[in-house]
>>> print(open('input_0.txt').read())   # compact mmCIF, C-alpha atoms
# COMPACT_ATOMS: atom_id res chain seq x y z
CA MET A 134 8.21 29.09 -0.78
CA LYS A 135 5.77 27.06 -2.88
CA LYS A 136 2.78 25.86 -0.81
CA ILE A 137 1.91 22.16 -1.10
CA LEU A 138 -0.92 20.11 0.38
CA THR A 139 0.01 16.45 0.86
CA VAL A 140 -2.98 14.21 1.54
CA ILE A 141 -2.74 10.73 3.06
CA GLY A 142 -5.33 8.61 4.82
CA THR A 143 -4.26 5.00 5.25
CA ARG A 144 -1.41 3.08 6.85
CA PRO A 145 0.13 2.02 3.48
CA GLU A 146 0.04 5.64 2.31
CA ILE A 147 1.89 6.80 5.42
CA ILE A 148 4.54 4.12 4.85
CA LYS A 149 5.02 4.82 1.14
CA MET A 150 4.86 8.61 1.43
CA TYR A 151 7.11 8.77 4.50
CA PRO A 152 10.44 9.45 2.68
CA LEU A 153 8.74 11.90 0.29
CA ILE A 154 7.09 13.84 3.15
CA LEU A 155 10.54 14.32 4.72
CA LYS A 156 11.85 15.80 1.46
CA LEU A 157 8.74 17.91 0.82
CA ASP A 158 9.08 19.43 4.30
CA LYS A 159 12.66 20.47 3.48
CA ASN A 160 11.96 21.90 0.04
CA PHE A 161 8.44 23.39 0.27
CA ASP A 162 5.85 24.88 2.58
CA ASN A 163 4.26 21.46 2.95
CA LYS A 164 0.99 21.00 4.86
CA LEU A 165 0.27 17.37 5.74
CA ILE A 166 -3.39 16.30 5.85
CA PHE A 167 -4.57 12.97 7.30
CA SER A 168 -8.01 12.14 5.89
CA GLY A 169 -9.12 9.74 8.62
CA GLN A 170 -9.86 6.89 6.18
CA HIS A 171 -8.02 4.56 8.55
CA PHE A 172 -9.80 5.84 11.62
CA ASP A 173 -8.24 3.54 14.24
CA LYS A 174 -6.44 6.23 16.25
CA GLU A 175 -4.03 3.87 17.96
CA MET A 176 -3.06 2.17 14.71
CA ARG A 177 -2.62 5.54 13.00
CA ASP A 178 -0.59 7.16 15.79
CA ASN A 179 1.61 4.07 16.14
CA ILE A 180 2.75 4.17 12.53
CA PHE A 181 3.73 7.84 12.80
CA LYS A 182 5.74 7.04 15.94
CA ASP A 183 7.25 3.90 14.47
CA LEU A 184 8.57 5.81 11.45
CA ASN A 185 9.51 8.84 13.53
CA LEU A 186 7.37 10.92 11.19
CA ARG A 187 5.98 14.24 12.28
CA LYS A 188 2.29 14.60 13.08
CA PRO A 189 -0.08 15.88 10.37
CA ASP A 190 -0.94 19.58 10.31
CA LEU A 191 -4.58 18.55 10.12
CA ASN A 192 -6.26 15.33 11.28
CA ILE A 193 -9.74 15.12 9.71
CA ASN A 194 -12.43 13.88 12.08
CA ILE A 195 -14.87 11.81 10.03
CA ILE A 196 -18.25 11.64 11.80
CA ASN A 197 -20.01 9.11 9.53
CA LYS A 198 -17.46 6.42 8.67
CA LYS A 199 -19.84 4.78 6.16
CA ASP A 200 -20.06 8.05 4.23
CA PHE A 201 -16.31 8.71 4.34
CA PHE A 202 -15.90 9.68 0.69
CA ASN A 203 -18.57 12.39 0.65
CA GLU A 204 -17.74 13.77 4.09
CA PHE A 205 -14.01 13.95 3.41
CA SER A 206 -14.55 15.50 -0.03
CA LYS A 207 -16.58 18.33 1.51
CA LYS A 208 -14.02 18.96 4.26
CA LEU A 209 -11.09 18.85 1.84
CA THR A 210 -12.82 21.42 -0.38
CA LEU A 211 -13.00 23.83 2.59
CA ILE A 212 -9.36 23.17 3.51
CA ILE A 213 -8.12 23.92 -0.02
CA GLN A 214 -10.24 27.09 -0.14
CA LYS A 215 -8.63 28.26 3.10
CA LEU A 216 -4.99 27.22 2.53
CA LYS A 217 -4.83 28.00 -1.22
CA PRO A 218 -2.00 25.58 -2.12
CA LYS A 219 -0.28 25.62 -5.51
CA ILE A 220 -0.01 21.82 -5.54
CA VAL A 221 -2.07 18.96 -4.06
CA ILE A 222 -0.31 15.59 -3.77
CA TYR A 223 -1.99 12.21 -3.22
CA HIS A 224 -0.90 8.60 -3.49
CA GLY A 225 -2.05 5.24 -4.81
CA ASP A 226 -5.52 3.78 -4.99
CA THR A 227 -7.61 4.63 -1.92
CA LEU A 228 -10.82 6.60 -1.41
CA THR A 229 -8.59 9.37 -0.04
CA THR A 230 -6.76 9.37 -3.40
CA LEU A 231 -9.97 9.54 -5.40
CA ALA A 232 -11.49 12.31 -3.25
CA SER A 233 -8.29 14.40 -3.48
CA ALA A 234 -8.09 14.05 -7.26
CA LEU A 235 -11.80 14.67 -7.80
CA VAL A 236 -12.06 17.72 -5.51
CA GLY A 237 -9.07 19.30 -7.22
CA TYR A 238 -10.29 18.48 -10.73
CA ILE A 239 -13.85 19.73 -10.20
CA HIS A 240 -13.42 22.71 -7.87
CA PHE A 241 -9.80 23.87 -8.28
CA PRO A 242 -8.73 23.30 -11.92
CA LYS A 243 -5.84 25.79 -11.65
CA ILE A 244 -4.19 23.85 -8.81
CA THR A 245 -1.56 21.31 -9.88
CA ARG A 246 -2.80 17.82 -8.97
CA VAL A 247 -0.06 15.24 -8.43
CA HIS A 248 -0.63 11.48 -8.33
CA ILE A 249 2.19 9.39 -6.85
CA GLU A 250 2.34 5.75 -8.02
CA SER A 251 0.10 6.17 -11.02
CA GLY A 252 -0.28 3.88 -14.02
CA TYR A 253 -0.60 0.57 -12.16
CA ARG A 254 -3.22 -1.66 -13.78
CA SER A 255 -4.44 -5.02 -12.46
CA ASN A 256 -7.06 -5.22 -15.28
CA ASP A 257 -9.51 -6.63 -12.72
CA ILE A 258 -12.87 -4.93 -13.31
CA ASN A 259 -14.01 -6.03 -9.84
CA SER A 260 -11.13 -4.26 -8.10
CA ILE A 261 -12.12 -0.89 -6.65
CA GLU A 262 -8.42 -0.01 -6.33
CA ASN A 263 -7.91 -0.50 -10.06
CA ARG A 264 -10.90 1.72 -10.89
CA ILE A 265 -9.66 4.42 -8.50
CA ARG A 266 -6.20 4.48 -10.11
CA ILE A 267 -7.70 4.89 -13.60
CA LEU A 268 -9.87 7.82 -12.50
CA ALA A 269 -7.15 9.50 -10.41
CA ASP A 270 -4.66 9.29 -13.30
CA LYS A 271 -7.10 10.95 -15.68
CA MET A 272 -7.83 13.81 -13.25
CA SER A 273 -4.18 14.52 -12.37
CA THR A 274 -1.98 17.24 -13.82
CA ILE A 275 1.25 15.34 -13.08
CA ASN A 276 1.55 11.55 -12.85
CA PHE A 277 4.60 9.92 -11.25
CA THR A 278 4.95 6.27 -12.25
CA ILE A 279 7.32 3.65 -10.88
CA ARG A 280 8.54 2.27 -14.22
CA GLN A 281 8.33 2.82 -17.95
CA LYS A 282 5.72 0.05 -18.06
CA GLU A 283 3.23 2.14 -16.06
CA LYS A 284 4.11 5.18 -18.16
CA PHE A 285 3.20 3.13 -21.24
CA ASN A 286 -0.12 2.13 -19.61
CA LEU A 287 -0.98 5.82 -19.33
CA LYS A 288 0.11 6.50 -22.91
CA LYS A 289 -2.31 3.81 -24.14
CA GLU A 290 -5.09 5.64 -22.26
CA GLY A 291 -4.20 8.98 -23.86
CA ILE A 292 -2.25 10.43 -20.90
CA ASN A 293 1.01 11.71 -22.42
CA LYS A 294 1.83 15.03 -20.75
CA ASN A 295 3.68 15.42 -17.46
CA VAL A 296 4.22 11.70 -16.87
CA HIS A 297 7.49 10.86 -15.10
CA ALA A 298 8.87 7.37 -14.39
CA VAL A 299 10.86 7.95 -11.20
CA GLY A 300 10.76 4.71 -9.16
CA ASN A 301 8.98 3.49 -6.06
CA THR A 302 9.14 5.45 -2.79
CA ILE A 303 8.73 2.19 -0.83
CA ASN A 304 12.32 1.34 -1.84
CA ASP A 305 13.58 4.30 0.18
CA THR A 306 11.38 3.34 3.14
CA VAL A 307 12.53 -0.29 3.19
CA GLU A 308 16.20 0.73 2.91
CA ILE A 309 15.84 2.87 6.04
CA ILE A 310 14.14 0.10 8.06
CA LYS A 311 16.31 -2.75 6.69
CA LYS A 312 19.37 -1.41 8.48
CA LYS A 313 17.64 -2.16 11.78
CA LEU A 314 16.33 -5.57 10.68
CA LYS A 315 19.77 -6.96 9.94
CA LYS A 316 20.61 -6.74 13.64
CA ILE A 317 17.72 -9.02 14.72
CA LYS A 318 17.24 -12.57 13.47
CA THR A 319 15.26 -15.66 14.43
CA LYS A 320 15.97 -19.30 13.55
CA LYS A 321 12.31 -20.37 13.69
CA LYS A 322 10.89 -21.42 10.30
CA TYR A 323 7.43 -20.03 9.51
CA ILE A 324 5.16 -18.54 6.85
CA TYR A 325 4.01 -14.98 7.36
CA VAL A 326 0.42 -14.19 6.34
CA THR A 327 -1.58 -10.97 5.93
CA ILE A 328 -5.08 -10.85 4.40
CA HIS A 329 -7.24 -7.73 4.20
CA ARG A 330 -8.50 -7.01 0.67
CA ALA A 331 -12.26 -6.52 0.36
CA GLU A 332 -12.62 -9.24 -2.30
CA ASN A 333 -11.10 -11.73 0.15
CA VAL A 334 -12.58 -10.76 3.51
CA ASP A 335 -16.02 -9.35 2.68
CA ASN A 336 -17.14 -12.58 1.04
CA LYS A 337 -17.99 -15.33 3.54
CA LEU A 338 -17.28 -18.23 1.18
CA ARG A 339 -14.01 -16.69 0.06
CA LEU A 340 -12.77 -15.95 3.58
CA ASN A 341 -13.78 -19.43 4.74
CA LYS A 342 -11.75 -20.90 1.87
CA ILE A 343 -8.74 -18.83 2.89
CA PHE A 344 -8.99 -20.04 6.49
CA SER A 345 -9.31 -23.67 5.31
CA PHE A 346 -6.30 -23.10 3.02
CA LEU A 347 -4.20 -21.84 5.93
CA ASN A 348 -5.45 -24.58 8.28
CA MET A 349 -4.27 -27.20 5.79
CA ILE A 350 -0.81 -25.67 5.38
CA SER A 351 -0.38 -25.20 9.15
CA LYS A 352 -0.16 -28.99 9.48
CA LYS A 353 3.23 -28.79 7.74
CA ILE A 354 4.80 -25.58 9.05
CA GLU A 355 4.17 -22.84 11.60
CA ILE A 356 2.08 -19.93 10.33
CA ILE A 357 1.99 -16.43 11.79
CA VAL A 358 -1.09 -14.43 10.73
CA SER A 359 -1.13 -10.68 11.14
CA MET A 360 -4.85 -10.07 11.74
CA HIS A 361 -6.05 -6.86 10.14
CA PRO A 362 -8.96 -5.20 12.05
CA ARG A 363 -11.20 -5.64 9.00
CA THR A 364 -10.38 -9.37 8.76
CA LYS A 365 -10.95 -9.84 12.49
CA LYS A 366 -14.32 -8.13 12.22
CA MET A 367 -15.45 -10.34 9.33
CA GLN A 368 -14.14 -13.51 10.98
CA LYS A 369 -16.32 -12.75 13.98
CA LYS A 370 -19.30 -11.83 11.81
CA TYR A 371 -19.09 -15.09 9.83
CA SER A 372 -18.13 -17.24 12.89
CA LEU A 373 -15.10 -18.70 11.10
CA LYS A 374 -12.49 -20.82 12.89
CA MET A 375 -8.74 -20.90 12.51
CA ASN A 376 -6.52 -23.84 13.50
CA LYS A 377 -5.06 -23.48 17.01
CA LYS A 378 -1.63 -24.25 15.55
CA ILE A 379 -1.74 -20.92 13.74
CA LYS A 380 -0.27 -18.02 15.68
CA VAL A 381 -2.52 -14.97 15.31
CA ILE A 382 -1.14 -11.52 16.12
CA ASP A 383 -2.72 -8.08 15.94
CA ALA A 384 -1.50 -5.97 13.02
CA PRO A 385 2.02 -4.98 14.17
CA SER A 386 3.96 -1.77 13.72
CA TYR A 387 5.48 -1.30 10.28
CA SER A 388 9.02 -2.11 11.38
CA LYS A 389 7.78 -5.22 13.20
CA ASN A 390 5.77 -6.22 10.14
CA LEU A 391 8.98 -6.06 8.10
CA PHE A 392 10.75 -8.04 10.83
CA TYR A 393 8.22 -10.89 10.52
CA LEU A 394 8.53 -10.78 6.73
CA TYR A 395 12.34 -10.54 6.75
CA ASN A 396 12.67 -13.62 8.98
CA SER A 397 9.94 -15.73 7.31
CA HIS A 398 10.57 -18.62 4.92
CA PHE A 399 8.06 -17.04 2.54
CA CYS A 400 4.76 -15.15 2.82
CA ILE A 401 1.13 -15.32 1.73
CA SER A 402 -0.50 -11.92 1.29
CA ASP A 403 -3.03 -9.89 -0.69
CA SER A 404 -1.35 -6.65 0.42
CA GLY A 405 0.12 -4.66 -2.45
CA GLY A 406 2.69 -3.09 -0.14
CA LEU A 407 3.84 -6.42 1.24
CA GLN A 408 4.17 -7.86 -2.27
CA GLU A 409 6.68 -5.10 -3.03
CA GLU A 410 8.45 -5.39 0.32
CA ALA A 411 8.80 -9.17 -0.11
CA VAL A 412 10.74 -8.67 -3.35
CA LEU A 413 12.90 -5.97 -1.78
CA LEU A 414 13.73 -8.28 1.14
CA GLY A 415 14.30 -11.35 -1.06
CA LYS A 416 11.17 -13.27 0.01
CA LYS A 417 8.71 -15.16 -2.17
CA CYS A 418 5.08 -14.05 -1.84
CA PHE A 419 2.04 -16.17 -2.74
CA ILE A 420 -0.91 -13.90 -3.59
CA PRO A 421 -4.45 -15.28 -3.07
CA LEU A 422 -6.04 -13.05 -5.73
CA GLN A 423 -7.07 -13.42 -9.37
CA ALA A 424 -4.98 -10.41 -10.36
CA THR A 425 -2.64 -7.83 -8.86
CA PRO A 426 -1.56 -4.38 -10.06
CA HIS A 427 1.97 -5.41 -9.01
CA SER A 428 2.28 -7.76 -11.98
CA TYR A 429 5.88 -6.63 -12.59
CA TYR A 430 6.94 -8.85 -9.68
CA ILE A 431 5.05 -11.95 -10.86
CA GLY A 432 7.31 -14.74 -12.07
CA LYS A 433 8.69 -18.21 -11.51
CA ASN A 434 11.32 -16.99 -9.03
CA SER A 435 9.40 -14.14 -7.41
CA ASN A 436 5.77 -13.44 -6.50
CA GLU A 437 3.06 -15.86 -7.56
CA LEU A 438 -0.73 -15.63 -7.91
CA ILE A 439 -2.47 -18.69 -6.47
CA ASN A 440 -6.01 -20.00 -6.24
CA LEU A 441 -7.24 -21.49 -2.99
CA ASN A 442 -6.98 -25.09 -4.21
CA GLN A 443 -3.21 -24.89 -4.58
CA THR A 444 -2.18 -26.02 -1.10
CA LYS A 445 0.19 -28.61 -2.59
CA ARG A 446 1.94 -25.90 -4.60
CA VAL A 447 2.54 -23.81 -1.48
CA ILE A 448 3.51 -26.82 0.65
CA SER A 449 6.09 -27.85 -1.97
CA PHE A 450 8.10 -24.72 -1.11
CA ILE A 451 8.31 -25.46 2.62
CA ASN A 452 11.48 -27.56 2.32
CA LYS A 453 12.97 -25.66 -0.60
CA LYS A 454 15.75 -23.11 -0.43
CA ILE A 455 14.04 -20.22 -2.20
CA LYS A 456 16.12 -17.85 -4.29
CA VAL A 457 14.03 -14.84 -5.32
CA LYS A 458 14.79 -12.98 -8.54
CA LYS A 459 16.47 -9.62 -8.01
CA PHE A 460 14.74 -6.63 -9.57
CA LYS A 461 16.38 -3.34 -10.46
CA HIS A 462 15.14 -0.50 -8.24
CA ASN A 463 15.77 3.22 -8.45
CA LYS A 464 17.10 5.10 -5.43
CA ASN A 465 16.48 8.60 -4.07
CA ILE A 466 13.01 8.71 -5.64
CA SER A 467 11.80 11.47 -3.32
CA ASP A 468 14.64 13.77 -4.42
CA LYS A 469 13.68 13.23 -8.07
CA ILE A 470 10.02 14.05 -7.39
CA CYS A 471 10.91 17.24 -5.48
CA LYS A 472 13.22 18.38 -8.26
CA ILE A 473 10.45 18.00 -10.86
CA LEU A 474 7.89 19.76 -8.63
CA ASN A 475 10.32 22.64 -8.09
CA GLU A 476 10.42 23.20 -11.84
CA LYS A 477 6.62 23.37 -12.18
>>> encode(input="input_0.txt", output="structure tokens")
Amino acid sequence: MKKILTVIGTRPEIIKMYPLILKLDKNFDNKLIFSGQHFDKEMRDNIFKDLNLRKPDLNINIINKKDFFNEFSKKLTLIIQKLKPKIVIYHGDTLTTLASALVGYIHFPKITRVHIESGYRSNDINSIENRIRILADKMSTINFTIRQKEKFNLKKEGINKNVHAVGNTINDTVEIIKKKLKKIKTKKKYIYVTIHRAENVDNKLRLNKIFSFLNMISKKIEIIVSMHPRTKKMQKKYSLKMNKKIKVIDAPSYSKNLFYLYNSHFCISDSGGLQEEAVLLGKKCFIPLQATPHSYYIGKNSNELINLNQTKRVISFINKKIKVKKFKHNKNISDKICKILNEK
């Protein structure tokens, strides 16, 4: 049986790779590695339990969190030397992704390196995620894109071989969870908010503007804010205040996160995952960023980029019945990926 090393390290990666991991386990000798990039043990363990996903074969213990990239790269090199996989799989746009692609490219050129969700481009030079995707795509042997659009992005950059447009694994994940969501509903009208991107929370002026933006809107409608640990840390550091009318909750389990989104009037989020999930669940998402790699979902009747002076624009949707554009989505993406990997 072909030996595969699947590397994940963050909560979004667990969520998006969940249906693929199930299929890889059935079809290959699949070793699951958790990099420790999201090092909150409780948060990490909860998502595995919530999805009913098996525990990783190896949980990497990162000693120096500030030097995550270098420390993980060294440890991954030793793991690959020991396990000798034929294929290494990684996902998306995180430091875990970059380390996995780079270690394979530099030290193990004969190993097949597989990037899931490649080809996304936000064209924002300040976005570390965008830079990571570009580098990971170039260093990968096989690139799986969501749509032909991302496949074309790679073609423009000279990446033509072994590029497969298969669809988005998050579709499979949401379909599994959605069956449970339909059984629970709430009549309360609210906006659901999640903010965690570095360009939003690591800048005091920017984060203060976001809080002021939400404080203004909360005068018109209830707001529920899922407070990411990073956002909470920076709020405390900068001594920023949020209106008492705003309900703040700790980052919930994935299924509960979808519950809040599913029952919201609309959402405000800089999360790439939530932007996709909003479309899948028929919810409009306002994105407080200058650009997003998920530009496919941007449009008049779907997701919308906003600046932090557009409170009136957001407020205007409070009393509207919002009909979100339906997008075509592939199904059984994980099966397609496994079939292609079996042929390699």
>>> closest_residue(input="input_0.txt", among="A:Asn396, A:Gln281, A:Gln214, A:Ser386", to="Tyr429 in chain A", atoms="all atoms listed in the file")
A:Gln281
>>> atom_distance(input="input_0.txt", atom1="CA of Ser168 in chain A", atom2="CA of Lys389 in chain A")
24.6 Å
>>> closest_residue(input="input_0.txt", among="A:Leu209, A:Ile258, A:Leu191, A:Ile275", to="Asn293 in chain A", atoms="only C-alpha atoms")
A:Ile275
>>> atom_distance(input="input_0.txt", atom1="CA of Asn259 in chain A", atom2="CA of Ile343 in chain A")
18.8 Å
>>> closest_residue(input="input_0.txt", among="A:Ile249, A:Leu231, A:Ile310, A:Ile328", to="Leu414 in chain A", atoms="only C-alpha atoms")
A:Ile310
>>> atom_distance(input="input_0.txt", atom1="CA of Asp257 in chain A", atom2="CA of Asn440 in chain A")
15.3 Å
>>> closest_residue(input="input_0.txt", among="A:Ile196, A:Leu216, A:Leu268, A:Leu211", to="Leu228 in chain A", atoms="only C-alpha atoms")
A:Leu268
>>> closest_residue(input="input_0.txt", among="A:Ile356, A:Cys471, A:Val381, A:Leu153", to="Thr302 in chain A", atoms="only C-alpha atoms")
A:Leu153
>>> residues_around(input="input_0.txt", residues="range 369-378 of chain A", least_positions_apart="3", cutoff="7 Å", atoms="all atoms listed in the file", output="list in words")
Lys337, Asn341, Phe344, Asn348, Ser351, Lys365 and Lys366 of chain A
>>> write_last_selection(input="input_0.txt", atoms="C-alpha atoms", output="tab-separated table (two decimals), keeping the file's coordinate frame")
chain	number	residue	atom	x	y	z
A	337	LYS	CA	-17.99	-15.33	3.54
A	341	ASN	CA	-13.78	-19.43	4.74
A	344	PHE	CA	-8.99	-20.04	6.49
A	348	ASN	CA	-5.45	-24.58	8.28
A	351	SER	CA	-0.38	-25.20	9.15
A	365	LYS	CA	-10.95	-9.84	12.49
A	366	LYS	CA	-14.32	-8.13	12.22
>>> residues_around(input="input_0.txt", residues="Ile195 in chain A", least_positions_apart="6", cutoff="10 Å", atoms="all atoms listed in the file", output="MDAnalysis selection string")
chainID A and resid 168:170 172 201:202 204:205 208
>>> residues_around(input="input_0.txt", residues="Ser388 in chain A", least_positions_apart="5", cutoff="12 Å", atoms="all atoms listed in the file", output="list of chain:residue names")
A:Ile148, A:Asn179, A:Ile180, A:Phe181, A:Lys182, A:Asp183, A:Leu184, A:Asn185, A:Thr306, A:Val307, A:Glu308, A:Ile309, A:Ile310, A:Lys311, A:Lys312, A:Lys313, A:Leu314, A:Lys315, A:Ile317, A:Tyr393, A:Leu394, A:Tyr395, A:Glu410
>>> write_last_selection(input="input_0.txt", atoms="C-alpha atoms", output="JSON list (two decimals), in the frame of the given file")
[["chain", "number", "residue", "atom", "x", "y", "z"],
["A", 148, "ILE", "CA", 4.54, 4.12, 4.85],
["A", 179, "ASN", "CA", 1.61, 4.07, 16.14],
["A", 180, "ILE", "CA", 2.75, 4.17, 12.53],
["A", 181, "PHE", "CA", 3.73, 7.84, 12.80],
["A", 182, "LYS", "CA", 5.74, 7.04, 15.94],
["A", 183, "ASP", "CA", 7.25, 3.90, 14.47],
["A", 184, "LEU", "CA", 8.57, 5.81, 11.45],
["A", 185, "ASN", "CA", 9.51, 8.84, 13.53],
["A", 306, "THR", "CA", 11.38, 3.34, 3.14],
["A", 307, "VAL", "CA", 12.53, -0.29, 3.19],
["A", 308, "GLU", "CA", 16.20, 0.73, 2.91],
["A", 309, "ILE", "CA", 15.84, 2.87, 6.04],
["A", 310, "ILE", "CA", 14.14, 0.10, 8.06],
["A", 311, "LYS", "CA", 16.31, -2.75, 6.69],
["A", 312, "LYS", "CA", 19.37, -1.41, 8.48],
["A", 313, "LYS", "CA", 17.64, -2.16, 11.78],
["A", 314, "LEU", "CA", 16.33, -5.57, 10.68],
["A", 315, "LYS", "CA", 19.77, -6.96, 9.94],
["A", 317, "ILE", "CA", 17.72, -9.02, 14.72],
["A", 393, "TYR", "CA", 8.22, -10.89, 10.52],
["A", 394, "LEU", "CA", 8.53, -10.78, 6.73],
["A", 395, "TYR", "CA", 12.34, -10.54, 6.75],
["A", 410, "GLU", "CA", 8.45, -5.39, 0.32]]
>>> closest_residue(input="input_0.txt", among="A:His297, A:Lys207, A:Lys289, A:Lys320", to="Leu474 in chain A", atoms="all atoms listed in the file")
A:His297
>>> residues_around(input="input_0.txt", residues="range 455-468 of chain A", least_positions_apart="2", cutoff="10 Å", atoms="all atoms listed in the file", output="ChimeraX atom specification")
/A:150-157,160,279-280,298-305,308,398-399,411-418,429-430,432-436,450-453,470-474
>>> residues_around(input="input_0.txt", residues="Thr210 in chain A", least_positions_apart="4", cutoff="8 Å", atoms="all atoms listed in the file", output="PDB file with C-alpha atoms, in the frame of the given file")
ATOM      1  CA  SER A 206     -14.550  15.500  -0.030  1.00  0.00           C
ATOM      2  CA  GLN A 214     -10.240  27.090  -0.140  1.00  0.00           C
ATOM      3  CA  VAL A 236     -12.060  17.720  -5.510  1.00  0.00           C
ATOM      4  CA  HIS A 240     -13.420  22.710  -7.870  1.00  0.00           C
TER       5      HIS A 240
END
>>> build_atoms(input="input_0.txt", residues="range 238-253 of chain A", atoms="N, CA and C atoms", output="PDB file, in the frame of the given file")
ATOM      1  N   TYR A 238      -9.888  18.434  -9.321  1.00  0.00           N
ATOM      2  CA  TYR A 238     -10.290  18.480 -10.730  1.00  0.00           C
ATOM      3  C   TYR A 238     -11.572  19.278 -10.932  1.00  0.00           C
ATOM      4  N   ILE A 239     -12.543  19.082 -10.050  1.00  0.00           N
ATOM      5  CA  ILE A 239     -13.850  19.730 -10.200  1.00  0.00           C
ATOM      6  C   ILE A 239     -13.836  21.178  -9.716  1.00  0.00           C
ATOM      7  N   HIS A 240     -13.287  21.401  -8.514  1.00  0.00           N
ATOM      8  CA  HIS A 240     -13.420  22.710  -7.870  1.00  0.00           C
ATOM      9  C   HIS A 240     -12.210  23.623  -8.018  1.00  0.00           C
ATOM     10  N   PHE A 241     -11.016  23.052  -8.256  1.00  0.00           N
ATOM     11  CA  PHE A 241      -9.800  23.870  -8.280  1.00  0.00           C
ATOM     12  C   PHE A 241      -8.932  23.501  -9.492  1.00  0.00           C
ATOM     13  N   PRO A 242      -9.441  23.726 -10.710  1.00  0.00           N
ATOM     14  CA  PRO A 242      -8.730  23.300 -11.920  1.00  0.00           C
ATOM     15  C   PRO A 242      -7.362  23.947 -12.121  1.00  0.00           C
ATOM     16  N   LYS A 243      -7.121  25.103 -11.487  1.00  0.00           N
ATOM     17  CA  LYS A 243      -5.840  25.790 -11.650  1.00  0.00           C
ATOM     18  C   LYS A 243      -4.751  25.243 -10.729  1.00  0.00           C
ATOM     19  N   ILE A 244      -5.165  24.445  -9.730  1.00  0.00           N
ATOM     20  CA  ILE A 244      -4.190  23.850  -8.810  1.00  0.00           C
ATOM     21  C   ILE A 244      -3.564  22.615  -9.475  1.00  0.00           C
ATOM     22  N   THR A 245      -2.259  22.479  -9.333  1.00  0.00           N
ATOM     23  CA  THR A 245      -1.560  21.310  -9.880  1.00  0.00           C
ATOM     24  C   THR A 245      -1.878  20.086  -9.029  1.00  0.00           C
ATOM     25  N   ARG A 246      -2.397  19.047  -9.667  1.00  0.00           N
ATOM     26  CA  ARG A 246      -2.800  17.820  -8.970  1.00  0.00           C
ATOM     27  C   ARG A 246      -1.790  16.719  -9.289  1.00  0.00           C
ATOM     28  N   VAL A 247      -1.183  16.170  -8.252  1.00  0.00           N
ATOM     29  CA  VAL A 247      -0.060  15.240  -8.430  1.00  0.00           C
ATOM     30  C   VAL A 247      -0.407  13.863  -7.872  1.00  0.00           C
ATOM     31  N   HIS A 248      -0.349  12.856  -8.738  1.00  0.00           N
ATOM     32  CA  HIS A 248      -0.630  11.480  -8.330  1.00  0.00           C
ATOM     33  C   HIS A 248       0.683  10.686  -8.249  1.00  0.00           C
ATOM     34  N   ILE A 249       1.014  10.235  -7.056  1.00  0.00           N
ATOM     35  CA  ILE A 249       2.190   9.390  -6.850  1.00  0.00           C
ATOM     36  C   ILE A 249       1.779   7.926  -7.012  1.00  0.00           C
ATOM     37  N   GLU A 250       2.578   7.170  -7.750  1.00  0.00           N
ATOM     38  CA  GLU A 250       2.340   5.750  -8.020  1.00  0.00           C
ATOM     39  C   GLU A 250       1.154   5.563  -8.968  1.00  0.00           C
ATOM     40  N   SER A 251       1.165   6.289 -10.031  1.00  0.00           N
ATOM     41  CA  SER A 251       0.100   6.170 -11.020  1.00  0.00           C
ATOM     42  C   SER A 251       0.455   5.113 -12.071  1.00  0.00           C
ATOM     43  N   GLY A 252      -0.525   4.769 -12.896  1.00  0.00           N
ATOM     44  CA  GLY A 252      -0.280   3.880 -14.020  1.00  0.00           C
ATOM     45  C   GLY A 252      -0.360   2.394 -13.745  1.00  0.00           C
ATOM     46  N   TYR A 253      -0.436   1.998 -12.475  1.00  0.00           N
ATOM     47  CA  TYR A 253      -0.600   0.570 -12.160  1.00  0.00           C
ATOM     48  C   TYR A 253      -1.944   0.088 -12.702  1.00  0.00           C
TER      49      TYR A 253
END
